[in-house]
Structures are given as C-alpha cells and as structure tokens.
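Structure file protein_0.cif (mmCIF, C-alpha atoms) follows.
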```
data_work
#
loop_
_atom_site.label_atom_id
_atom_site.label_comp_id
_atom_site.auth_asym_id
_atom_site.auth_seq_id
_atom_site.Cartn_x
_atom_site.Cartn_y
_atom_site.Cartn_z
CA SER K 1500 11.55 -11.59 -8.11
CA ALA K 1501 13.62 -9.43 -5.81
CA ALA K 1502 16.61 -9.53 -3.55
CA ALA K 1503 16.40 -8.38 0.01
CA ARG K 1504 18.94 -6.03 1.43
CA THR K 1505 22.59 -6.90 1.28
CA SER K 1506 23.38 -7.53 4.94
CA ALA K 1507 25.79 -4.65 5.34
CA SER K 1508 25.38 -4.40 9.07
CA VAL K 1509 27.64 -7.10 10.47
CA GLY K 1510 25.81 -7.02 13.77
CA CYS K 1511 22.43 -7.60 12.10
CA ARG K 1512 20.72 -10.91 12.50
CA GLY K 1513 18.81 -12.77 9.84
CA SER K 1514 18.25 -16.19 8.32
CA VAL K 1515 17.99 -17.73 4.87
CA ARG K 1516 16.01 -20.86 4.01
CA LEU K 1517 16.87 -22.61 0.74
CA HIS K 1518 14.55 -24.80 -1.32
CA SER K 1519 14.87 -26.23 -4.81
CA VAL K 1520 12.62 -23.58 -6.33
CA VAL K 1521 12.01 -20.90 -3.70
CA VAL K 1522 14.43 -18.86 -1.60
CA GLY K 1523 13.10 -16.97 1.40
CA VAL K 1524 15.24 -14.09 2.66
CA MET K 1525 14.20 -12.82 6.09
CA ARG K 1526 15.52 -9.96 8.21
CA ALA K 1527 14.42 -9.04 11.72
CA GLU K 1528 15.73 -6.62 14.34
CA ILE K 1529 14.82 -5.91 17.97
CA LEU K 1530 17.13 -2.97 18.45
CA SER K 1531 15.27 -1.81 21.54
CA ARG K 1532 17.18 -4.57 23.36
CA VAL K 1533 20.53 -2.92 22.59
CA MET K 1534 19.59 0.71 23.19
CA ASN K 1535 20.83 2.99 25.95
CA PHE K 1536 17.77 5.20 26.33
CA HIS K 1537 19.87 7.85 28.07
CA ASP K 1538 22.00 8.25 24.92
CA ARG K 1539 20.06 10.61 22.69
CA SER K 1540 22.64 10.27 19.88
CA THR K 1541 21.42 6.72 19.19
CA CYS K 1542 18.13 5.85 20.95
CA VAL K 1543 16.04 8.29 18.88
CA LEU K 1544 17.26 6.80 15.59
CA PHE K 1545 16.50 3.11 15.73
CA GLY K 1546 13.37 0.97 15.63
CA ASP K 1547 12.29 -2.68 15.72
CA GLY K 1548 11.17 -4.31 12.49
CA ALA K 1549 11.07 -7.40 10.31
CA GLY K 1550 10.74 -8.10 6.60
CA ALA K 1551 10.93 -10.98 4.15
CA VAL K 1552 11.35 -11.41 0.41
CA VAL K 1553 10.61 -14.56 -1.60
CA LEU K 1554 12.73 -15.34 -4.66
CA ARG K 1555 11.24 -17.68 -7.27
CA ARG K 1556 12.61 -19.20 -10.43
CA SER K 1557 11.76 -17.01 -13.43
CA GLU K 1558 12.21 -17.02 -17.19
CA GLU K 1559 14.48 -13.97 -16.99
CA PRO K 1560 17.14 -13.08 -14.40
CA GLY K 1561 15.77 -11.20 -11.39
CA VAL K 1562 18.95 -10.67 -9.37
CA LEU K 1563 21.35 -9.03 -11.81
CA GLY K 1564 24.38 -8.46 -9.59
CA SER K 1565 25.81 -7.60 -6.20
CA VAL K 1566 28.73 -5.70 -4.70
CA LEU K 1567 30.10 -6.04 -1.16
CA GLY K 1568 32.75 -4.09 0.75
CA ALA K 1569 34.17 -3.80 4.25
CA ASP K 1570 36.74 -1.82 6.26
CA GLY K 1571 37.42 -3.13 9.75
CA ARG K 1572 39.82 -0.28 10.51
CA ALA K 1573 36.85 2.01 11.23
CA ALA K 1574 34.83 -0.47 13.29
CA GLU K 1575 35.00 1.67 16.45
CA ILE K 1576 32.78 4.45 15.06
CA LEU K 1577 29.66 2.23 15.19
CA ILE K 1578 29.87 -0.58 17.70
CA ILE K 1579 28.42 -2.57 20.60
CA PRO K 1580 31.51 -2.74 22.87
CA ALA K 1581 30.70 -5.85 24.91
CA GLY K 1582 28.88 -9.15 24.70
CA GLY K 1583 31.12 -10.92 22.20
CA SER K 1584 34.18 -13.16 22.65
CA ALA K 1585 36.56 -10.20 22.97
CA ALA K 1586 34.59 -8.66 25.84
CA PRO K 1587 32.20 -11.24 27.39
CA ALA K 1588 29.24 -10.06 29.40
CA SER K 1589 29.90 -9.18 33.01
CA HIS K 1590 28.39 -7.10 35.81
CA ALA K 1591 30.84 -4.33 34.92
CA SER K 1592 29.88 -4.35 31.23
CA VAL K 1593 26.18 -4.23 32.07
CA ASP K 1594 26.68 -1.38 34.56
CA ALA K 1595 28.64 0.55 31.90
CA ASN K 1596 25.92 0.04 29.23
CA ASP K 1597 28.52 -1.64 27.05
CA HIS K 1598 25.84 -3.88 25.52
CA ALA K 1599 24.20 -0.91 23.80
CA ILE K 1600 24.91 0.58 20.38
CA ARG K 1601 27.46 3.40 20.46
CA MET K 1602 28.20 5.92 17.73
CA PRO K 1603 30.95 8.20 19.05
CA ASN K 1604 31.56 9.89 15.70
CA GLY K 1605 28.26 10.46 13.92
CA ARG K 1606 29.78 12.78 11.30
CA GLU K 1607 32.25 10.14 10.20
CA VAL K 1608 29.48 7.52 10.01
CA PHE K 1609 27.46 9.92 7.84
CA LYS K 1610 30.39 10.58 5.50
CA ARG K 1611 31.38 6.95 5.13
CA ALA K 1612 27.78 5.84 4.59
CA VAL K 1613 27.25 8.32 1.75
CA VAL K 1614 30.60 7.65 0.06
CA GLU K 1615 30.54 3.86 0.30
CA MET K 1616 26.89 3.34 -0.70
CA ALA K 1617 27.23 5.67 -3.70
CA SER K 1618 30.51 4.02 -4.75
CA ALA K 1619 29.02 0.52 -4.44
CA CYS K 1620 26.04 1.56 -6.58
CA ARG K 1621 28.25 3.07 -9.28
CA GLU K 1622 30.47 -0.03 -9.38
CA LEU K 1623 27.47 -2.35 -9.58
CA LEU K 1624 25.74 -0.36 -12.32
CA GLU K 1625 28.92 -0.16 -14.36
CA LYS K 1626 29.69 -3.88 -14.17
CA SER K 1627 26.06 -4.71 -14.98
CA GLY K 1628 25.99 -2.45 -18.05
CA PHE K 1629 23.57 0.17 -16.70
CA THR K 1630 23.66 3.85 -15.75
CA PRO K 1631 21.84 5.75 -13.01
CA ASP K 1632 19.37 6.94 -15.67
CA ASP K 1633 18.25 3.31 -16.09
CA VAL K 1634 17.30 2.94 -12.41
CA ASP K 1635 13.55 3.03 -11.84
CA LEU K 1636 13.77 2.94 -8.05
CA LEU K 1637 16.59 3.43 -5.56
CA ILE K 1638 16.02 1.86 -2.14
CA PRO K 1639 18.84 2.73 0.27
CA HIS K 1640 19.23 1.51 3.83
CA GLN K 1641 16.76 3.63 5.79
CA ALA K 1642 19.29 5.10 8.23
CA ASN K 1643 18.89 8.84 7.90
CA ALA K 1644 16.99 11.02 5.41
CA ARG K 1645 20.00 13.28 4.79
CA ILE K 1646 22.20 10.27 4.03
CA MET K 1647 19.70 8.94 1.50
CA VAL K 1648 19.26 12.32 -0.17
CA ALA K 1649 23.06 12.68 -0.41
CA VAL K 1650 23.44 9.20 -1.95
CA ALA K 1651 20.76 9.97 -4.56
CA ASP K 1652 22.45 13.31 -5.33
CA ARG K 1653 25.83 11.64 -5.84
CA LEU K 1654 24.28 9.10 -8.19
CA LYS K 1655 22.29 11.81 -10.01
CA VAL K 1656 19.10 9.83 -9.30
CA PRO K 1657 16.11 12.19 -8.86
CA ILE K 1658 14.79 12.01 -5.33
CA ASP K 1659 11.31 11.11 -6.58
CA ARG K 1660 12.88 7.84 -7.79
CA ALA K 1661 14.18 7.02 -4.30
CA VAL K 1662 12.34 5.48 -1.36
CA VAL K 1663 12.81 7.46 1.88
CA ASP K 1664 10.65 5.92 4.58
CA VAL K 1665 12.72 6.41 7.73
CA GLU K 1666 10.44 9.10 9.12
CA SER K 1667 7.61 6.60 9.42
CA VAL K 1668 9.43 3.54 10.78
CA GLY K 1669 12.88 4.62 12.00
CA ASN K 1670 16.16 2.84 11.27
CA THR K 1671 15.29 -0.85 11.52
CA SER K 1672 18.80 -1.91 10.44
CA ALA K 1673 18.74 -5.24 8.55
CA ALA K 1674 14.96 -5.04 8.17
CA SER K 1675 14.92 -1.55 6.68
CA ILE K 1676 15.23 -2.41 2.98
CA PRO K 1677 12.68 -5.27 3.02
CA VAL K 1678 10.26 -3.00 4.91
CA ALA K 1679 10.87 -0.07 2.51
CA LEU K 1680 10.50 -2.37 -0.51
CA ASP K 1681 7.20 -3.72 0.79
CA ARG K 1682 5.81 -0.25 1.54
CA ALA K 1683 6.89 1.02 -1.89
CA TRP K 1684 5.27 -2.01 -3.56
CA ARG K 1685 2.02 -1.48 -1.63
CA ALA K 1686 2.04 2.19 -2.67
CA GLY K 1687 2.24 1.20 -6.36
CA ARG K 1688 5.82 2.34 -6.91
CA VAL K 1689 7.13 -1.10 -7.95
CA ARG K 1690 6.02 -2.43 -11.33
CA GLU K 1691 6.91 -5.46 -13.40
CA GLY K 1692 10.13 -4.90 -15.34
CA ASP K 1693 11.42 -2.11 -13.05
CA LEU K 1694 15.16 -1.91 -12.42
CA ILE K 1695 15.59 -1.53 -8.66
CA LEU K 1696 18.85 -0.62 -6.94
CA LEU K 1697 19.26 -1.59 -3.27
CA THR K 1698 22.19 -0.35 -1.19
CA SER K 1699 23.16 -0.56 2.44
CA PHE K 1700 25.76 0.37 5.03
CA GLY K 1701 26.34 -0.61 8.64
CA ALA K 1702 28.58 -1.74 11.44
CA GLY K 1703 31.84 -3.41 10.59
CA LEU K 1704 32.17 -1.15 8.70
CA ALA K 1705 30.51 -2.99 5.82
CA TRP K 1706 28.40 -2.01 2.83
CA GLY K 1707 26.93 -3.39 -0.35
CA ALA K 1708 24.47 -3.07 -3.21
CA ASN K 1709 22.09 -5.36 -5.13
CA LEU K 1710 20.63 -4.71 -8.57
CA ILE K 1711 17.36 -6.48 -9.35
CA ARG K 1712 14.84 -6.63 -12.17
CA TRP K 1713 11.36 -6.87 -10.67
CA THR K 1714 9.66 -9.89 -12.22
CA GLY K 1715 6.98 -10.25 -9.57
CA PRO K 1716 3.42 -8.96 -9.64
CA GLU K 1717 2.30 -5.42 -9.02
CA ALA K 1718 0.44 -4.57 -5.84
CA PRO K 1719 -3.09 -6.01 -5.77
CA GLY K 1720 -6.19 -3.88 -5.69
CA PRO K 1721 -5.20 -0.93 -7.94
CA SER K 1722 -8.37 0.85 -6.83
CA HIS K 1723 -6.89 1.56 -3.39
CA VAL K 1724 -3.38 2.38 -4.63
CA ARG K 1725 -2.63 5.98 -5.41
CA ARG K 1726 -0.13 6.21 -8.25
CA TRP K 1727 1.89 9.38 -7.83
CA PRO K 1728 3.25 10.91 -11.08
CA SER K 1729 7.03 10.51 -11.23
CA SER K 1730 7.99 14.08 -12.18
CA PRO K 1731 6.88 17.62 -11.26
CA ALA K 1732 5.85 18.20 -14.88
CA ALA K 1733 3.70 15.07 -14.91
CA ARG K 1734 2.15 16.02 -11.57
CA ALA K 1735 1.30 19.49 -12.89
CA GLY K 1736 -0.24 18.02 -16.04
CA SER K 1737 -2.34 15.52 -14.12
CA GLY K 1738 -3.53 18.07 -11.59
CA ALA K 1739 -2.54 15.67 -8.79
CA ARG K 1740 -2.25 17.08 -5.32
CA ALA K 1741 0.65 16.41 -3.00
CA PRO K 1742 0.13 13.27 -0.89
CA ARG K 1743 -1.22 13.52 2.64
CA ARG K 1744 1.27 13.70 5.48
CA SER K 1745 0.47 10.28 6.88
CA PRO K 1746 2.54 7.26 8.00
CA ALA K 1747 0.28 5.00 5.91
CA ALA K 1748 0.79 4.00 2.26
CA ASP K 1749 0.93 7.59 1.06
CA GLY K 1750 3.89 8.14 3.39
CA ALA K 1751 6.17 6.46 0.86
CA TRP K 1752 5.56 9.35 -1.54
CA ARG K 1753 6.57 12.16 0.76
CA SER K 1754 9.53 14.21 -0.36
CA ALA K 1755 12.81 13.32 1.30
CA THR K 1756 14.05 16.78 0.41
CA ALA K 1757 11.34 18.36 2.54
CA ARG K 1758 12.14 16.07 5.44
CA ALA K 1759 15.85 16.78 5.24
CA ARG K 1760 15.36 20.55 5.15
CA PRO K 1761 15.93 22.20 8.54
CA THR K 1762 12.90 23.87 10.07
CA ARG K 1763 13.07 27.64 10.20
CA ARG K 1764 12.63 29.05 13.66
CA ARG K 1765 10.39 32.03 14.08
CA ARG K 1766 11.76 34.76 16.23
CA SER K 1767 9.79 35.54 19.34
CA ARG K 1768 8.06 38.89 19.76
CA ALA K 1769 10.60 39.88 22.41
CA SER K 1770 13.52 39.26 20.05
CA ARG K 1771 11.83 41.20 17.22
CA ARG K 1772 11.31 44.17 19.49
CA SER K 1773 14.93 44.20 20.47
#
```

Can I see the file as structure tokens?
Amino acid sequence: SAAARTSASVGCRGSVRLHSVVVGVMRAEILSRVMNFHDRSTCVLFGDGAGAVVLRRSEEPGVLGSVLGADGRAAEILIIPAGGSAAPASHASVDANDHAIRMPNGREVFKRAVVEMASACRELLEKSGFTPDDVDLLIPHQANARIMVAVADRLKVPIDRAVVDVESVGNTSAASIPVALDRAWRAGRVREGDLILLTSFGAGLAWGANLIRWTGPEAPGPSHVRRWPSSPAARAGSGARAPRRSPAADGAWRSATARARPTRRRRSRASRRS
C-alpha cells in the first residue's frame, strides 16, 4: 500500500523482513546516543523515533518508482568521525566526542538537501509519467521546515499538499518519513488512490525519492478525524477555522510557511525612546 522512506541517510539503521505476500519496512533511530549535547548546532535538531510500513499484494501497483543518488565527495559536511573501521573507538575518540554527529557546514547541507531532493522528485515524476500537479501529498524527510518549504517551492507543490511535522517530533532521521506518513494518515490527509511522493536526504551524502499510489484504507473512525480543506478558497467557503496549535493530530495541518517565518522582535521601551 505504501513505501517507507528511501534510506537516504547512510548512517541510519533499519531492517526489512520479507514474506511471500507481505513486506514489512521498519525504521528506528536512537539519535540521543550519538549527540554531543554541548553542540547546539546539532543536538537541538534531532530526536528518537521509530516507524513501520506494511506492503501487501494488491490488484494495482502501489510502489510506482524510485530514484537514488549519492555523492561521497561531500561526506565530511555531515558525519560521525569515529566508531567505524577507518577510525575505531578509543579513549581519545571518546574524549574528543568523535562518536557524535557533526555538521560543520550547515549552509551547504541545507543547499544540497534542497537541490538533491527536488531533483530526485522531478526525475522520478518524469520517468513515471506524472507532473507535480498530479501529486496529492508530498512527504519529505523531516529535517528542517525551511528545507521542506524550499523543496515544495522548487517543485511548485502548494505547501498545503506537503507534510511538515518536524516541529512536533524533531528530525528522527530514518524514522521521519514513516512517522510523518502515519501522522498524516491519522489526520485524514491520506486517502485511497492518492499519489504520494516521498523524498529524503542524509549522510553519505545520499538521497532518494519514492512514488506510491495509496491502495490501503483510510484512517478509521472518521468522526474523530478533522478533514482540513485543501485550499484557502475551500477553507473560506466551508467556514473552517485554522487548526489548533497542538502537537496532536491537528499538528499535521499547521502551516509550514508560518513555522519557517522568522519571529519579529519587538523593540524594548528603552530602544523606542532612544
């Protein structure tokens, strides 16, 4: 019915169990184990999480296509320096916090993430015979709200057709797309027949995209699911109010644009007097 995130983060851990009829795709991260909590450029971004997606045999194709890419030349901009075969663990590596995630060039990570995810999505849509207008829901890797807004802008996908959930759960790396997909489904944003575009980016550098046709059921219990109109015009016509600012199910509807907008600082009385 759906494909979980393309594992674009080479350092991410996961497992796949294969059966004759059912495929279970699971992703889990405990990033708190590889955080340097004195490094504010990384420790405030990441979170622990886990998600799973079950793929079943269906009458029509569910997974329509995939695209993968990698560029090892830029691996140093997002890396855990020690703990592997090239730099085994030692007292010195532990003392230097070399077993923690490092991102020495955040601007370059931002730029590459936007460019590569958008390019992978365009390539995948083109080879699958679709356009961005056909996409019902875009679910990017939940790394940074500004990155996701920029990817949607490049693809010309309206932000109300994208899932931006990072404010509620943080960047859970390999688990972020399964978690975002689940929260969107529970909020009533995923319906049978929807064309869903998943895209991701991570350490390596590596990136990818999956295009799926949702053939699974809609969220149960429609009475407790609030269906948010997809466009401003539809919202105005329905008289619907903006969703509550809550990390619960309604959180999936909150505007990524609002979250990405810098907060205006009010001048103090002393500064106004001067």

Of the listed residues K:Arg1539, K:Arg1685, K:Arg1611, K:Arg1526, that which approaches Val1650 in chain K most closely, counting all atoms listed in the file
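Checking each of K:Arg1539, K:Arg1685, K:Arg1611, K:Arg1526 against Val1650 in chain K, counting all atoms listed in the file, the winner is K:Arg1611.
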
If we count all atoms listed in the file and set the cut-off at 10 Å, which residues sit around Asp1538 in chain K, ignoring sequence neighbours fewer than 6 positions away in its own chain? Please answer as a ChimeraX atom specification.
/K:1599-1602

Explicit residue set for the PyMOL selection byres ((chain K and resi 1641-1648) around 8), as a PyMOL selection string
chain K and resi 1544+1609+1612-1613+1639-1640+1649-1652+1658+1663-1666+1669-1672+1675-1676+1679+1755-1756+1758-1759

Counting all atoms listed in the file, which residues sit no farther than 6 Å from the position (16.4, 7.6, -5.6) in the file's frame? I'd like them as a list in words.
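Taken together, the residues in range are Leu1636, Leu1637, Ala1651, Val1656, Pro1657, Ile1658, Arg1660 and Ala1661 of chain K.
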
Give me the result of the PyMOL selection byres ((chain K and resi 1710) around 6) on this file, residue by residue, as a tab-separated table (two decimals) with C-alpha atoms, keeping the file's coordinate frame.
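The resulting file, result.tsv, is shown below:
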```
chain	number	residue	atom	x	y	z
K	1563	LEU	CA	21.35	-9.03	-11.81
K	1564	GLY	CA	24.38	-8.46	-9.59
K	1695	ILE	CA	15.59	-1.53	-8.66
K	1696	LEU	CA	18.85	-0.62	-6.94
K	1709	ASN	CA	22.09	-5.36	-5.13
K	1711	ILE	CA	17.36	-6.48	-9.35
```

Pick from K:Val1553, K:Met1534, K:Ile1576, K:Met1525, whichever lies nearest to Asp1597 in chain K using all atoms listed in the file
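Using all atoms listed in the file, Asp1597 in chain K sits closest to K:Met1534.
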